[in-house]
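Visitor: What follows is work-v9.txt, made up of compact mmCIF, C-alpha atoms:
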```txt
# COMPACT_ATOMS: atom_id res chain seq x y z
CA MET A 1227 0.00 0.00 0.00
CA SER A 1228 1.43 3.41 -0.97
CA ILE A 1229 1.98 6.31 1.37
CA ARG A 1230 -0.47 8.30 -0.77
CA HIS A 1231 -3.26 5.99 0.35
CA ASP A 1232 -2.33 6.46 4.01
CA VAL A 1233 -1.99 10.23 3.75
CA ALA A 1234 -5.31 10.47 1.88
CA GLY A 1235 -6.93 8.69 4.83
CA MET A 1236 -5.21 11.11 7.18
CA LYS A 1237 -6.43 14.11 5.18
CA ALA A 1238 -9.99 12.88 5.60
CA ILE A 1239 -9.77 12.96 9.39
CA VAL A 1240 -8.21 16.43 9.63
CA PRO A 1241 -11.55 18.02 10.70
CA VAL A 1242 -11.92 15.38 13.42
CA MET A 1243 -8.44 16.09 14.75
CA MET A 1244 -9.00 19.83 14.55
CA SER A 1245 -12.13 19.56 16.66
CA ALA A 1246 -10.71 17.21 19.29
CA SER A 1247 -10.95 18.67 22.77
CA ALA A 1248 -7.95 20.17 24.56
CA ASP A 1249 -8.45 17.60 27.33
CA GLN A 1250 -8.10 14.76 24.84
CA ARG A 1251 -4.97 16.19 23.29
CA ASN A 1252 -3.36 16.92 26.66
CA ARG A 1253 -4.24 13.44 27.91
CA ALA A 1254 -2.49 11.98 24.87
CA LEU A 1255 0.69 13.90 25.78
CA ARG A 1256 0.65 12.66 29.36
CA LEU A 1257 0.02 9.10 28.18
CA MET A 1258 2.99 9.46 25.82
CA ALA A 1259 5.23 10.40 28.75
CA GLU A 1260 3.97 7.45 30.78
CA ALA A 1261 4.51 5.01 27.92
CA LEU A 1262 8.06 6.20 27.23
CA ASN A 1263 9.03 5.88 30.89
CA ARG A 1264 7.31 2.52 31.26
CA GLU A 1265 8.95 1.03 28.17
CA LYS A 1266 12.32 2.74 28.42
CA ASP A 1267 14.28 -0.53 28.43
CA TRP A 1268 12.66 -1.48 25.13
CA ILE A 1269 13.65 1.91 23.68
CA PHE A 1270 17.21 1.72 25.03
CA GLY A 1271 17.61 -1.79 23.63
CA ALA A 1272 16.54 -0.68 20.17
CA ASN A 1273 18.80 2.35 20.39
CA GLY A 1274 21.71 0.12 21.34
CA GLU A 1275 21.19 -1.83 18.13
CA ASP A 1276 21.14 1.39 16.11
CA LEU A 1277 24.30 2.70 17.77
CA LYS A 1278 26.14 -0.57 17.15
CA ARG A 1279 25.29 -0.42 13.44
CA ALA A 1280 26.31 3.24 13.31
CA GLU A 1281 29.70 2.54 14.87
CA GLU A 1282 30.29 -0.36 12.48
CA ALA A 1283 29.47 2.00 9.61
CA GLY A 1284 32.15 4.41 10.82
CA ILE A 1285 29.80 7.24 11.77
CA THR A 1286 31.65 10.01 13.66
CA GLY A 1287 31.42 10.56 17.39
CA ALA A 1288 29.60 13.88 17.05
CA VAL A 1289 26.84 12.23 15.03
CA ILE A 1290 26.73 9.21 17.35
CA LYS A 1291 25.88 11.64 20.14
CA ARG A 1292 22.89 12.85 18.13
CA LEU A 1293 21.75 9.26 17.53
CA THR A 1294 21.87 8.34 21.21
CA PHE A 1295 18.64 8.05 23.20
CA ASP A 1296 19.58 7.55 26.86
CA GLU A 1297 18.26 8.43 30.31
CA GLY A 1298 19.16 12.09 29.76
CA LYS A 1299 17.26 12.29 26.46
CA LEU A 1300 14.32 10.41 27.98
CA LYS A 1301 14.14 12.83 30.89
CA ALA A 1302 14.28 15.80 28.52
CA VAL A 1303 11.51 14.57 26.22
CA THR A 1304 9.17 13.48 29.03
CA GLU A 1305 9.63 16.82 30.79
CA GLY A 1306 8.87 18.46 27.46
CA LEU A 1307 5.69 16.41 27.04
CA LEU A 1308 4.38 17.34 30.48
CA SER A 1309 5.34 20.99 30.02
CA LEU A 1310 3.58 21.03 26.67
CA ALA A 1311 0.42 19.53 28.18
CA ASP A 1312 0.32 22.38 30.68
CA LEU A 1313 0.51 25.12 28.05
CA PRO A 1314 -2.67 26.96 27.01
CA ASP A 1315 -4.61 25.48 24.12
CA PRO A 1316 -3.61 27.23 20.87
CA VAL A 1317 -6.68 25.97 18.96
CA GLY A 1318 -9.73 28.21 18.63
CA ARG A 1319 -8.09 31.29 20.12
CA VAL A 1320 -9.73 34.55 19.00
CA ARG A 1321 -6.88 36.65 17.63
CA LEU A 1322 -9.04 39.54 16.42
CA ARG A 1323 -12.64 40.61 16.89
CA ARG A 1324 -13.89 43.53 14.83
CA SER A 1325 -17.25 45.10 14.15
CA LEU A 1326 -17.46 46.03 10.46
CA ASP A 1327 -20.89 47.58 10.89
CA GLU A 1328 -23.85 47.22 13.18
CA GLY A 1329 -24.59 43.48 13.43
CA LEU A 1330 -21.67 42.47 11.17
CA THR A 1331 -18.81 40.98 13.22
CA LEU A 1332 -15.50 39.56 11.99
CA ARG A 1333 -13.35 37.20 14.05
CA GLN A 1334 -9.92 35.78 13.28
CA ILE A 1335 -9.67 32.31 14.85
CA SER A 1336 -6.52 30.23 15.26
CA CYS A 1337 -6.70 26.74 13.78
CA PRO A 1338 -4.32 23.87 12.92
CA ILE A 1339 -2.53 23.82 9.57
CA GLY A 1340 -3.78 20.30 8.79
CA VAL A 1341 -1.39 17.63 7.48
CA ILE A 1342 2.27 18.26 8.24
CA GLY A 1343 5.08 16.10 6.89
CA VAL A 1344 8.24 16.15 9.01
CA ILE A 1345 11.38 14.52 7.65
CA PHE A 1346 14.25 14.41 10.10
CA GLU A 1347 17.70 12.86 10.29
CA ALA A 1348 19.57 11.36 13.20
CA ARG A 1349 17.94 12.37 16.49
CA PRO A 1350 15.24 9.94 17.72
CA ASP A 1351 14.12 12.44 20.39
CA ALA A 1352 12.94 14.60 17.47
CA MET A 1353 10.22 12.00 16.89
CA VAL A 1354 8.77 12.75 20.32
CA GLN A 1355 9.05 16.52 20.03
CA ILE A 1356 7.46 16.66 16.59
CA ALA A 1357 4.62 14.22 17.29
CA SER A 1358 3.73 15.90 20.58
CA LEU A 1359 3.65 19.40 19.11
CA CYS A 1360 1.46 18.24 16.25
CA VAL A 1361 -0.96 16.51 18.62
CA LYS A 1362 -1.14 19.49 20.99
CA SER A 1363 -1.80 21.85 18.07
CA GLY A 1364 -4.48 19.60 16.56
CA ASN A 1365 -2.46 18.74 13.46
CA CYS A 1366 -1.97 15.40 11.75
CA ALA A 1367 1.64 14.39 11.09
CA VAL A 1368 3.57 12.15 8.71
CA LEU A 1369 6.87 11.33 10.44
CA LYS A 1370 9.94 10.12 8.53
CA GLY A 1371 13.05 9.57 10.63
CA GLY A 1372 16.56 8.73 9.51
CA ARG A 1373 17.60 5.17 8.77
CA GLU A 1374 20.45 5.47 11.31
CA THR A 1375 17.91 5.16 14.16
CA ALA A 1376 15.26 3.09 12.41
CA ALA A 1377 14.85 0.61 15.29
CA THR A 1378 14.58 3.35 17.92
CA ASN A 1379 12.12 5.36 15.84
CA ARG A 1380 9.93 2.29 15.29
CA VAL A 1381 9.62 1.61 19.02
CA ILE A 1382 9.04 5.24 19.94
CA PHE A 1383 6.41 5.65 17.24
CA GLU A 1384 4.54 2.56 18.42
CA LEU A 1385 4.42 3.95 21.96
CA LEU A 1386 3.32 7.41 20.85
CA SER A 1387 0.69 6.02 18.50
CA GLY A 1388 -0.68 3.80 21.25
CA ALA A 1389 -0.98 6.78 23.59
CA VAL A 1390 -2.87 8.76 20.96
CA SER A 1391 -5.37 5.94 20.47
CA GLU A 1392 -5.79 5.45 24.22
CA ALA A 1393 -6.66 9.14 24.54
CA GLY A 1394 -9.45 8.71 22.00
CA LEU A 1395 -7.86 10.66 19.16
CA PRO A 1396 -8.04 9.33 15.57
CA GLU A 1397 -5.60 6.44 15.22
CA ASN A 1398 -4.20 7.63 11.91
CA CYS A 1399 -3.52 11.22 13.00
CA LEU A 1400 0.12 10.07 13.18
CA ILE A 1401 1.76 8.07 10.38
CA GLN A 1402 5.30 6.76 10.30
CA ALA A 1403 7.07 6.51 6.94
CA GLU A 1404 10.08 4.20 7.11
CA LEU A 1405 11.27 3.57 3.57
CA HIS A 1406 13.69 5.98 1.90
CA SER A 1407 11.66 5.71 -1.30
CA GLU A 1408 8.68 7.15 0.56
CA ILE A 1409 10.41 10.53 0.86
CA ASP A 1410 10.09 11.26 -2.86
CA GLU A 1411 6.50 10.04 -2.84
CA LEU A 1412 5.73 12.28 0.15
CA LEU A 1413 7.27 15.27 -1.67
CA SER A 1414 4.82 14.74 -4.53
CA LEU A 1415 1.67 14.92 -2.36
CA GLU A 1416 0.99 18.65 -2.70
CA ASP A 1417 -2.72 17.89 -2.89
CA LEU A 1418 -2.69 16.18 0.51
CA VAL A 1419 0.16 17.65 2.58
CA ASP A 1420 -0.12 21.25 3.76
CA LEU A 1421 3.42 21.82 5.06
CA LEU A 1422 6.81 20.10 5.08
CA ILE A 1423 9.37 20.58 7.83
CA PRO A 1424 12.79 19.04 7.10
CA ARG A 1425 15.42 18.67 9.84
CA GLY A 1426 18.91 17.60 8.92
CA SER A 1427 22.04 18.52 7.00
CA ASN A 1428 22.33 21.42 4.62
CA ALA A 1429 22.35 19.09 1.59
CA PHE A 1430 19.33 17.19 2.91
CA VAL A 1431 17.21 20.28 3.51
CA ARG A 1432 18.19 21.74 0.14
CA TYR A 1433 17.11 18.50 -1.55
CA ILE A 1434 13.68 18.74 0.08
CA MET A 1435 13.27 22.39 -0.88
CA ASP A 1436 14.27 21.71 -4.50
CA HIS A 1437 12.05 18.67 -5.07
CA THR A 1438 8.57 19.62 -3.87
CA LYS A 1439 5.76 22.07 -4.53
CA ILE A 1440 4.62 21.78 -0.92
CA PRO A 1441 5.48 24.81 1.28
CA VAL A 1442 8.67 24.07 3.25
CA MET A 1443 9.56 25.53 6.63
CA GLY A 1444 13.03 25.03 8.04
CA HIS A 1445 16.67 25.97 7.81
CA ALA A 1446 19.50 24.67 5.69
CA ASP A 1447 22.45 25.92 7.75
CA GLY A 1448 23.28 26.80 11.33
CA ILE A 1449 26.27 29.10 10.97
CA CYS A 1450 25.97 30.98 14.26
CA HIS A 1451 28.28 33.81 15.34
CA ILE A 1452 29.44 35.42 18.56
CA TYR A 1453 30.96 38.88 18.28
CA VAL A 1454 33.19 40.00 21.18
CA ASP A 1455 33.07 43.77 21.40
CA LYS A 1456 35.86 45.95 22.83
CA ASP A 1457 33.54 46.69 25.76
CA ALA A 1458 32.84 43.04 26.58
CA ASP A 1459 33.35 41.45 29.97
CA GLU A 1460 36.13 39.17 28.75
CA ASP A 1461 35.76 36.48 31.40
CA MET A 1462 32.02 36.31 30.73
CA ALA A 1463 32.66 36.15 27.00
CA VAL A 1464 35.06 33.22 27.36
CA ARG A 1465 32.57 31.29 29.51
CA VAL A 1466 29.70 31.91 27.08
CA ILE A 1467 31.76 30.98 24.02
CA VAL A 1468 32.94 27.69 25.55
CA ASP A 1469 29.31 26.81 26.31
CA ALA A 1470 28.11 27.83 22.85
CA LYS A 1471 30.77 25.70 21.17
CA THR A 1472 31.03 22.64 23.42
CA GLN A 1473 27.78 22.14 25.31
CA TYR A 1474 26.51 20.25 22.22
CA ALA A 1475 28.88 20.82 19.31
CA ALA A 1476 26.72 18.92 16.81
CA ALA A 1477 23.66 21.14 17.32
CA CYS A 1478 22.58 23.71 14.75
CA ASN A 1479 22.68 26.47 17.38
CA ALA A 1480 26.31 25.81 18.39
CA VAL A 1481 28.59 28.73 17.56
CA GLU A 1482 30.72 28.24 14.44
CA THR A 1483 32.36 31.66 13.98
CA LEU A 1484 33.88 34.03 16.53
CA LEU A 1485 34.45 37.66 15.63
CA VAL A 1486 36.70 39.71 17.92
CA ASP A 1487 37.07 43.49 17.92
CA ARG A 1488 40.67 44.33 16.99
CA ALA A 1489 40.75 46.74 19.92
CA ALA A 1490 40.26 43.80 22.30
CA ALA A 1491 42.15 41.06 20.44
CA ALA A 1492 45.54 41.36 22.17
CA SER A 1493 43.95 41.00 25.59
CA PHE A 1494 41.12 38.62 24.75
CA LEU A 1495 42.51 36.08 22.28
CA PRO A 1496 45.04 34.47 24.70
CA LYS A 1497 42.27 33.95 27.30
CA LEU A 1498 39.94 32.52 24.68
CA ALA A 1499 42.59 30.26 23.14
CA SER A 1500 43.54 28.85 26.53
CA ALA A 1501 39.93 28.00 27.39
CA LEU A 1502 39.13 26.49 23.98
CA THR A 1503 42.33 24.43 23.99
CA GLU A 1504 41.38 23.06 27.39
CA ALA A 1505 37.96 22.19 25.95
CA HIS A 1506 39.65 20.39 22.99
CA VAL A 1507 38.35 22.86 20.43
CA ALA A 1508 40.42 23.36 17.26
CA MET A 1509 40.73 27.02 16.25
CA ARG A 1510 40.97 28.09 12.60
CA GLY A 1511 41.73 31.78 12.21
CA THR A 1512 42.32 34.34 9.54
CA LYS A 1513 45.97 35.07 8.74
CA GLU A 1514 45.82 38.03 11.13
CA ALA A 1515 44.27 36.05 13.99
CA ALA A 1516 46.60 33.09 13.50
CA ALA A 1517 49.65 35.38 13.58
CA MET A 1518 48.69 36.60 17.05
CA LEU A 1519 48.85 33.08 18.50
CA PRO A 1520 50.97 30.95 16.12
CA GLY A 1521 50.81 27.23 16.76
CA ILE A 1522 47.59 27.63 18.73
CA ILE A 1523 45.29 29.19 16.15
CA THR A 1524 45.72 27.52 12.75
CA GLU A 1525 45.39 29.70 9.68
CA GLY A 1526 42.43 28.80 7.48
CA ALA A 1527 39.15 30.16 8.85
CA ASP A 1528 36.18 29.00 6.80
CA PHE A 1529 33.30 31.37 7.38
CA ARG A 1530 30.82 29.43 5.24
CA THR A 1531 31.20 26.08 7.00
CA GLU A 1532 28.91 24.63 9.66
CA TYR A 1533 31.44 22.43 11.45
CA LEU A 1534 29.04 20.62 13.83
CA ASP A 1535 32.18 19.54 15.68
CA TYR A 1536 34.86 20.85 18.05
CA THR A 1537 36.18 23.37 15.52
CA VAL A 1538 35.59 27.11 15.32
CA SER A 1539 36.57 29.91 12.92
CA ILE A 1540 38.02 33.14 14.31
CA GLY A 1541 38.23 36.53 12.61
CA LEU A 1542 39.02 40.09 13.66
CA VAL A 1543 36.82 43.11 12.87
CA ASP A 1544 36.86 46.85 13.45
CA GLY A 1545 33.89 47.26 15.73
CA VAL A 1546 30.24 46.32 15.74
CA ARG A 1547 29.41 47.67 12.26
CA GLU A 1548 31.96 45.45 10.55
CA ALA A 1549 30.83 42.52 12.70
CA VAL A 1550 27.23 43.02 11.59
CA ASP A 1551 28.26 43.26 7.93
CA HIS A 1552 30.22 40.01 8.28
CA ILE A 1553 27.33 38.19 9.96
CA ASN A 1554 24.77 39.33 7.39
CA THR A 1555 27.13 38.25 4.59
CA TYR A 1556 28.30 34.86 5.87
CA GLY A 1557 25.65 33.87 8.40
CA SER A 1558 22.63 31.64 7.91
CA HIS A 1559 20.15 33.93 9.72
CA HIS A 1560 19.88 31.43 12.57
CA THR A 1561 21.22 32.82 15.88
CA ASP A 1562 23.96 35.38 16.48
CA ALA A 1563 25.19 37.01 19.68
CA ILE A 1564 27.14 40.04 20.85
CA MET A 1565 29.20 40.14 24.03
CA THR A 1566 29.30 43.72 25.28
CA GLU A 1567 28.54 46.03 28.20
CA ASN A 1568 27.94 48.88 25.76
CA ASP A 1569 24.20 49.51 25.34
CA GLU A 1570 24.64 51.48 22.13
CA ALA A 1571 26.65 48.70 20.47
CA ALA A 1572 24.15 46.10 21.65
CA ALA A 1573 21.20 48.10 20.32
CA TYR A 1574 22.88 48.51 16.91
CA PHE A 1575 23.64 44.78 16.77
CA ALA A 1576 20.05 43.82 17.69
CA ARG A 1577 18.59 46.22 15.13
CA MET A 1578 20.90 45.42 12.23
CA VAL A 1579 21.62 41.67 12.42
CA ASP A 1580 19.14 39.89 10.13
CA SER A 1581 18.72 36.64 12.05
CA ALA A 1582 15.91 34.71 13.71
CA GLY A 1583 17.67 35.02 17.07
CA VAL A 1584 19.77 38.01 18.16
CA TYR A 1585 21.33 37.66 21.62
CA ARG A 1586 23.34 39.75 24.04
CA ASN A 1587 25.72 38.28 26.62
CA CYS A 1588 24.41 34.73 26.44
CA SER A 1589 25.02 31.46 24.60
CA THR A 1590 23.58 30.75 21.15
CA ARG A 1591 22.58 27.35 22.54
CA PHE A 1592 19.49 28.98 24.06
CA ALA A 1593 17.89 28.94 20.59
CA ASP A 1594 15.57 26.06 21.39
CA GLY A 1595 11.82 25.64 21.72
CA PHE A 1596 11.97 24.00 25.15
CA ARG A 1597 14.30 26.72 26.48
CA TYR A 1598 11.94 29.37 25.14
CA GLY A 1599 9.07 27.82 27.08
CA PHE A 1600 7.37 26.40 23.98
CA GLY A 1601 7.37 22.87 25.44
CA ALA A 1602 9.36 21.60 22.45
CA GLU A 1603 10.01 22.53 18.84
CA VAL A 1604 9.56 20.94 15.43
CA GLY A 1605 12.68 22.73 14.21
CA ILE A 1606 14.27 26.12 13.64
CA SER A 1607 13.03 28.33 10.84
CA THR A 1608 15.39 30.89 9.32
CA GLY A 1609 12.77 32.10 6.86
CA LYS A 1610 10.66 35.19 7.42
CA LEU A 1611 7.21 34.02 6.40
CA HIS A 1612 4.79 32.44 8.87
CA ALA A 1613 7.25 31.31 11.56
CA ARG A 1614 10.80 32.25 12.54
CA GLY A 1615 13.27 30.84 15.06
CA PRO A 1616 12.34 27.81 17.19
CA VAL A 1617 8.97 26.63 15.86
CA GLY A 1618 6.63 25.65 18.67
CA LEU A 1619 2.85 25.57 18.85
CA GLU A 1620 2.29 29.01 17.32
CA GLY A 1621 4.33 28.03 14.27
CA LEU A 1622 2.01 25.08 13.65
CA MET A 1623 -1.12 27.21 13.66
CA THR A 1624 -2.82 29.22 10.97
CA TYR A 1625 -6.13 31.06 11.15
CA LYS A 1626 -9.49 31.46 9.54
CA TYR A 1627 -11.92 34.37 9.41
CA GLU A 1628 -15.45 33.96 10.72
CA LEU A 1629 -17.93 36.63 9.65
CA THR A 1630 -21.38 36.80 11.23
CA GLY A 1631 -24.12 39.08 9.96
CA HIS A 1632 -27.88 39.47 9.87
CA GLY A 1633 -28.73 39.39 6.17
CA HIS A 1634 -25.98 41.87 5.24
CA THR A 1635 -25.27 42.19 1.50
CA VAL A 1636 -22.35 43.83 -0.31
CA GLY A 1637 -24.80 45.56 -2.65
CA ASP A 1638 -26.04 47.77 0.18
CA TYR A 1639 -22.51 49.06 0.76
CA ALA A 1640 -21.67 49.39 -2.94
CA SER A 1641 -24.77 51.51 -3.52
CA GLY A 1642 -24.04 53.74 -0.55
CA GLU A 1643 -27.18 52.71 1.30
CA ARG A 1644 -24.97 51.47 4.12
CA SER A 1645 -21.37 52.25 5.09
CA PHE A 1646 -18.74 50.45 7.10
CA HIS A 1647 -18.04 51.53 10.69
CA PHE A 1648 -14.92 49.59 11.68
CA ARG A 1649 -14.45 49.13 15.41
CA ASP A 1650 -12.08 46.70 17.11
CA LEU A 1651 -13.72 44.84 19.96
CA ASN A 1652 -10.43 44.33 21.78
CA ASP A 1653 -11.95 43.88 25.21
CA ASP A 1654 -13.62 40.69 23.97
CA VAL A 1655 -10.47 39.12 22.44
```
Would you give me this structure, written as C-alpha cells?
Guide:
Amino acid sequence: MSIRHDVAGMKAIVPVMMSASADQRNRALRLMAEALNREKDWIFGANGEDLKRAEEAGITGAVIKRLTFDEGKLKAVTEGLLSLADLPDPVGRVRLRRSLDEGLTLRQISCPIGVIGVIFEARPDAMVQIASLCVKSGNCAVLKGGRETAATNRVIFELLSGAVSEAGLPENCLIQAELHSEIDELLSLEDLVDLLIPRGSNAFVRYIMDHTKIPVMGHADGICHIYVDKDADEDMAVRVIVDAKTQYAAACNAVETLLVDRAAAASFLPKLASALTEAHVAMRGTKEAAAMLPGIITEGADFRTEYLDYTVSIGLVDGVREAVDHINTYGSHHTDAIMTENDEAAAYFARMVDSAGVYRNCSTRFADGFRYGFGAEVGISTGKLHARGPVGLEGLMTYKYELTGHGHTVGDYASGERSFHFRDLNDDV
C-alpha cells in the first residue's frame, strides 16, 4: 500500500483532529510520557542496536551523540511532554474581533494547519518533540526519521501512537514513513500535505526544498556567530563561548564563527585560546588572527562552514558595524550574539543583524523551543514568512476568518445605502 493511500486517509480525518478537545490532546501527551518511561528498556535496547550499526558504519562521534537516546534524552523529552500539556490550548483562540458595521462581526480564529510532513535525520528524540507538538496543536503528522535510528524510531512511534489511540484521538492522526523511497513520494503529495518541515544537514534540507511544490519551513544551515566587542566582559565572554561551542557541538545552534574586535584582540585572544584548547576545540583563524597566537590558532578560517564539531573559525573586525556586515554576509540567519557592556553597540547589533535570534551576553545554545518555554520545537526556521526561530505551537497554527451578519449584502454598501463603521472589539479578544 502506498503512502499516498495512508496520507489520503489522514487528510480525511483532519476536521476530526482539529475539533478534538484540549483535554483529549493533553491526555495523549501525558500518556505518551507514561509510555516512554514505562517502556524505556525497550527503547534503550533498540537504540543500542542502532548505535552498534552506526559505529560499524564508521559514523563520527559527534553524530553518534545525536543518535543516542539515553536516560538524559528520555528525561528531557518526558519533561517536554508534560510541560507542553500544561501550556494553554492554541486551537480556537480569538486573535481579532472587529465590528465592520452594526450586526456584522469579523473574528480571526486560530486553527491547525492540517497535514504536516516532518522529515528528520539522526535524532530519535525529534520524533517525540514533533509528534507531541502536532498533537497538541491539533495537526496530523507524517513522520519520517533517519535510517540510522530506524529501530529506535519504530519503538518510539509505536508507543506514541498507542498513547494517541488510548486518549481517543483518531488512530491515523500520526503516520510513520520508514522507507527511503517514501520521501520522494511524500514530496509529490501537494494535494494532501499542507506543510513540510525538514530537519537535517544542509544538503538534505536543500534537496527537500528543490524537489517539492509543498510549502517548506526550516533551515539549511546553522552558521551561528558570537561577536566580542571591545567593551565586553572578557571572562564572561570566554565562559559563554565555551558553552556555545562545546555544550553540544553537533547542534545547529552551536557557535561556528567568533568575531573579535581588533581593539580587544591582544587582551582577549590568549584567554579565549587557553579555554578552547582546554575544551579540545580546534581554532581556525584568519591570517591576522593566527599570527597573534601561532601554533595555537591555525590559519584557514572557513566562514561558510557549519562544522558541527569541536572546531571554530576566528576573525578580527573593526567594531560592531563590521561585525554586523560580516554576519549578514556569511551567516545563515539562525542565531547570532554580541558580548558587550555597551548599550549602544548592543542596540545597533540587535537592530541590524538579520537573524531569527539576536542575543546579548548569552550562549547561542538557548535557541531552542523548550528553552523558550514552547514545550518543544519541530525545528528552527530561518525564513521570514509564517514562523521564525524555534517553531513551537504558534508556528504550527494558521487562522481562519469567521464573519457573522444578519442578512448583510455587499450591494447595500456598494450603492451607498450602508457604510462600514470599523471598530475593534479588543476587550472581547
Visitor: Counting only C-alpha atoms, which residues have an atom no more than 12 Å from (-7.6, 12.7, 23.9) in the file's coordinates? Please list them as a PyMOL selection string.
Guide: chain A and resi 1242-1258+1311+1361-1362+1364+1387-1397+1399
Visitor: Might you pull out every residue within 7 Å of segment 1338-1349 of chain A, with all atoms listed in the file counted and same-chain residues fewer than 5 positions away left off, and present them as an mmCIF file with C-alpha atoms, keeping the file's coordinate frame?
Guide:
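Output contents, as saved in result08.cif:
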```cif
data_model
loop_
_atom_site.group_PDB
_atom_site.id
_atom_site.type_symbol
_atom_site.label_atom_id
_atom_site.label_comp_id
_atom_site.auth_asym_id
_atom_site.auth_seq_id
_atom_site.Cartn_x
_atom_site.Cartn_y
_atom_site.Cartn_z
ATOM 1 C CA LYS A 1237 -6.430 14.110 5.180
ATOM 2 C CA VAL A 1240 -8.210 16.430 9.630
ATOM 3 C CA MET A 1244 -9.000 19.830 14.550
ATOM 4 C CA ARG A 1292 22.890 12.850 18.130
ATOM 5 C CA LEU A 1293 21.750 9.260 17.530
ATOM 6 C CA VAL A 1317 -6.680 25.970 18.960
ATOM 7 C CA SER A 1363 -1.800 21.850 18.070
ATOM 8 C CA GLY A 1364 -4.480 19.600 16.560
ATOM 9 C CA ASN A 1365 -2.460 18.740 13.460
ATOM 10 C CA CYS A 1366 -1.970 15.400 11.750
ATOM 11 C CA ALA A 1367 1.640 14.390 11.090
ATOM 12 C CA VAL A 1368 3.570 12.150 8.710
ATOM 13 C CA LEU A 1369 6.870 11.330 10.440
ATOM 14 C CA LYS A 1370 9.940 10.120 8.530
ATOM 15 C CA GLY A 1371 13.050 9.570 10.630
ATOM 16 C CA GLY A 1372 16.560 8.730 9.510
ATOM 17 C CA GLU A 1374 20.450 5.470 11.310
ATOM 18 C CA THR A 1375 17.910 5.160 14.160
ATOM 19 C CA VAL A 1419 0.160 17.650 2.580
ATOM 20 C CA ASP A 1420 -0.120 21.250 3.760
ATOM 21 C CA LEU A 1421 3.420 21.820 5.060
ATOM 22 C CA LEU A 1422 6.810 20.100 5.080
ATOM 23 C CA ILE A 1423 9.370 20.580 7.830
ATOM 24 C CA PRO A 1424 12.790 19.040 7.100
ATOM 25 C CA ARG A 1425 15.420 18.670 9.840
ATOM 26 C CA GLY A 1426 18.910 17.600 8.920
ATOM 27 C CA LEU A 1622 2.010 25.080 13.650
ATOM 28 C CA MET A 1623 -1.120 27.210 13.660
ATOM 29 C CA THR A 1624 -2.820 29.220 10.970
#
```
Visitor: Distance atom CA of Tyr1474 of chain A-atom CA of Leu1277 of chain A, one decimal place?
Guide: 18.2 Å
Visitor: Quick check, in Å to one decimal: how far apart do atom CA of Val1481 of chain A and atom CA of Glu1548 of chain A lie?
Guide: 18.4 Å
Visitor: Measuring between only C-alpha atoms, which one of A:Cys1360, A:Ala1376, A:Val1289, A:Ala1515 shows the shortest distance to Val1486 of chain A?
Guide: A:Ala1515
Visitor: Which residues come within 12 Å of Gly1274 of chain A, counting only C-alpha atoms, excluding same-chain residues fewer than 6 positions away, as a list in words?
Guide: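 Selected residues are Asp1267, Trp1268, Ala1280, Glu1281, Ile1290, Leu1293, Thr1294, Phe1295, Asp1296, Glu1374, Thr1375, Ala1376, Ala1377 and Thr1378 of chain A.
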Visitor: May I ask which of the residues A:Ser1414, A:Thr1531, A:Asn1554, A:Gln1473 is the closest one to Ser1427 of chain A, counting all atoms listed in the file?
Guide: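 Under the stated criterion, the closest residue is A:Thr1531.
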Visitor: What's the 6 Å shell around Ser1581 of chain A, counting all atoms listed in the file, without same-chain residues fewer than 6 positions away, as number ranges by chain?
Guide: A: 1559-1561
Visitor: How far is it from atom CA of Ala1234 of chain A to atom CA of Arg1614 of chain A, in Å with one decimal?
Guide: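 Atom CA of Arg1614 of chain A lies 29.1 Å from atom CA of Ala1234 of chain A.
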Visitor: Considering all atoms listed in the file, can you say which of A:Phe1270, A:Phe1648, A:Phe1600, A:Phe1494 comes closest to Leu1359 of chain A?
Guide: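 Between A:Phe1270, A:Phe1648, A:Phe1600, A:Phe1494, the residue approaching Leu1359 of chain A most closely is A:Phe1600.
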Visitor: I'd like the neighbourhood of Ser1500 of chain A as number ranges by chain, where a residue qualifies if any of its atoms comes within 12 Å (using all atoms listed in the file), though same-chain residues fewer than 4 positions away should be ignored.
Guide: A: 1461, 1464-1465, 1468, 1494-1496, 1504-1509, 1519, 1522-1523
Visitor: Please save C-alpha atoms of the selected residues as a short mmCIF file (atom, residue, chain, number, x, y, z; two decimals), in the coordinates of the input.
Guide:
```cif
data_model
loop_
_atom_site.label_atom_id
_atom_site.label_comp_id
_atom_site.auth_asym_id
_atom_site.auth_seq_id
_atom_site.Cartn_x
_atom_site.Cartn_y
_atom_site.Cartn_z
CA ASP A 1461 35.76 36.48 31.40
CA VAL A 1464 35.06 33.22 27.36
CA ARG A 1465 32.57 31.29 29.51
CA VAL A 1468 32.94 27.69 25.55
CA PHE A 1494 41.12 38.62 24.75
CA LEU A 1495 42.51 36.08 22.28
CA PRO A 1496 45.04 34.47 24.70
CA GLU A 1504 41.38 23.06 27.39
CA ALA A 1505 37.96 22.19 25.95
CA HIS A 1506 39.65 20.39 22.99
CA VAL A 1507 38.35 22.86 20.43
CA ALA A 1508 40.42 23.36 17.26
CA MET A 1509 40.73 27.02 16.25
CA LEU A 1519 48.85 33.08 18.50
CA ILE A 1522 47.59 27.63 18.73
CA ILE A 1523 45.29 29.19 16.15
#
```
Visitor: Can you tell me, as lines of an AutoDock Vina configuration file, the centre and edge lengths (Å, one decimal) of the axis-aligned box enclosing all of segment 1289-1296 of chain A's listed atoms after padding each side by 5 Å?
Guide:
```
center_x = 22.7
center_y = 10.2
center_z = 20.9
size_x = 18.2
size_y = 15.3
size_z = 21.8
```
Visitor: Produce a table with one row for each residue of segment 1264-1337 of chain A that has an atom at most 12 Å from any atom of segment 1592-1599 of chain A, each row naming the nearest atom pair and its distance in Å at one decimal; use all atoms listed in the file; arrange rows by chain and rising residue number; format as a tab-separated table.
Guide:
```
residue	atom	partner	partner_atom	distance
A:Ala1302	CA	A:Phe1596	CA	9.2
A:Val1303	CA	A:Phe1596	CA	9.5
A:Thr1304	CA	A:Phe1596	CA	11.6
A:Glu1305	CA	A:Phe1596	CA	9.4
A:Gly1306	CA	A:Phe1596	CA	6.8
A:Leu1307	CA	A:Phe1596	CA	10.0
A:Leu1308	CA	A:Phe1596	CA	11.4
A:Ser1309	CA	A:Gly1599	CA	8.3
A:Leu1310	CA	A:Gly1599	CA	8.7
A:Asp1312	CA	A:Gly1599	CA	10.9
A:Leu1313	CA	A:Gly1599	CA	9.0
A:Pro1314	CA	A:Gly1599	CA	11.8
```
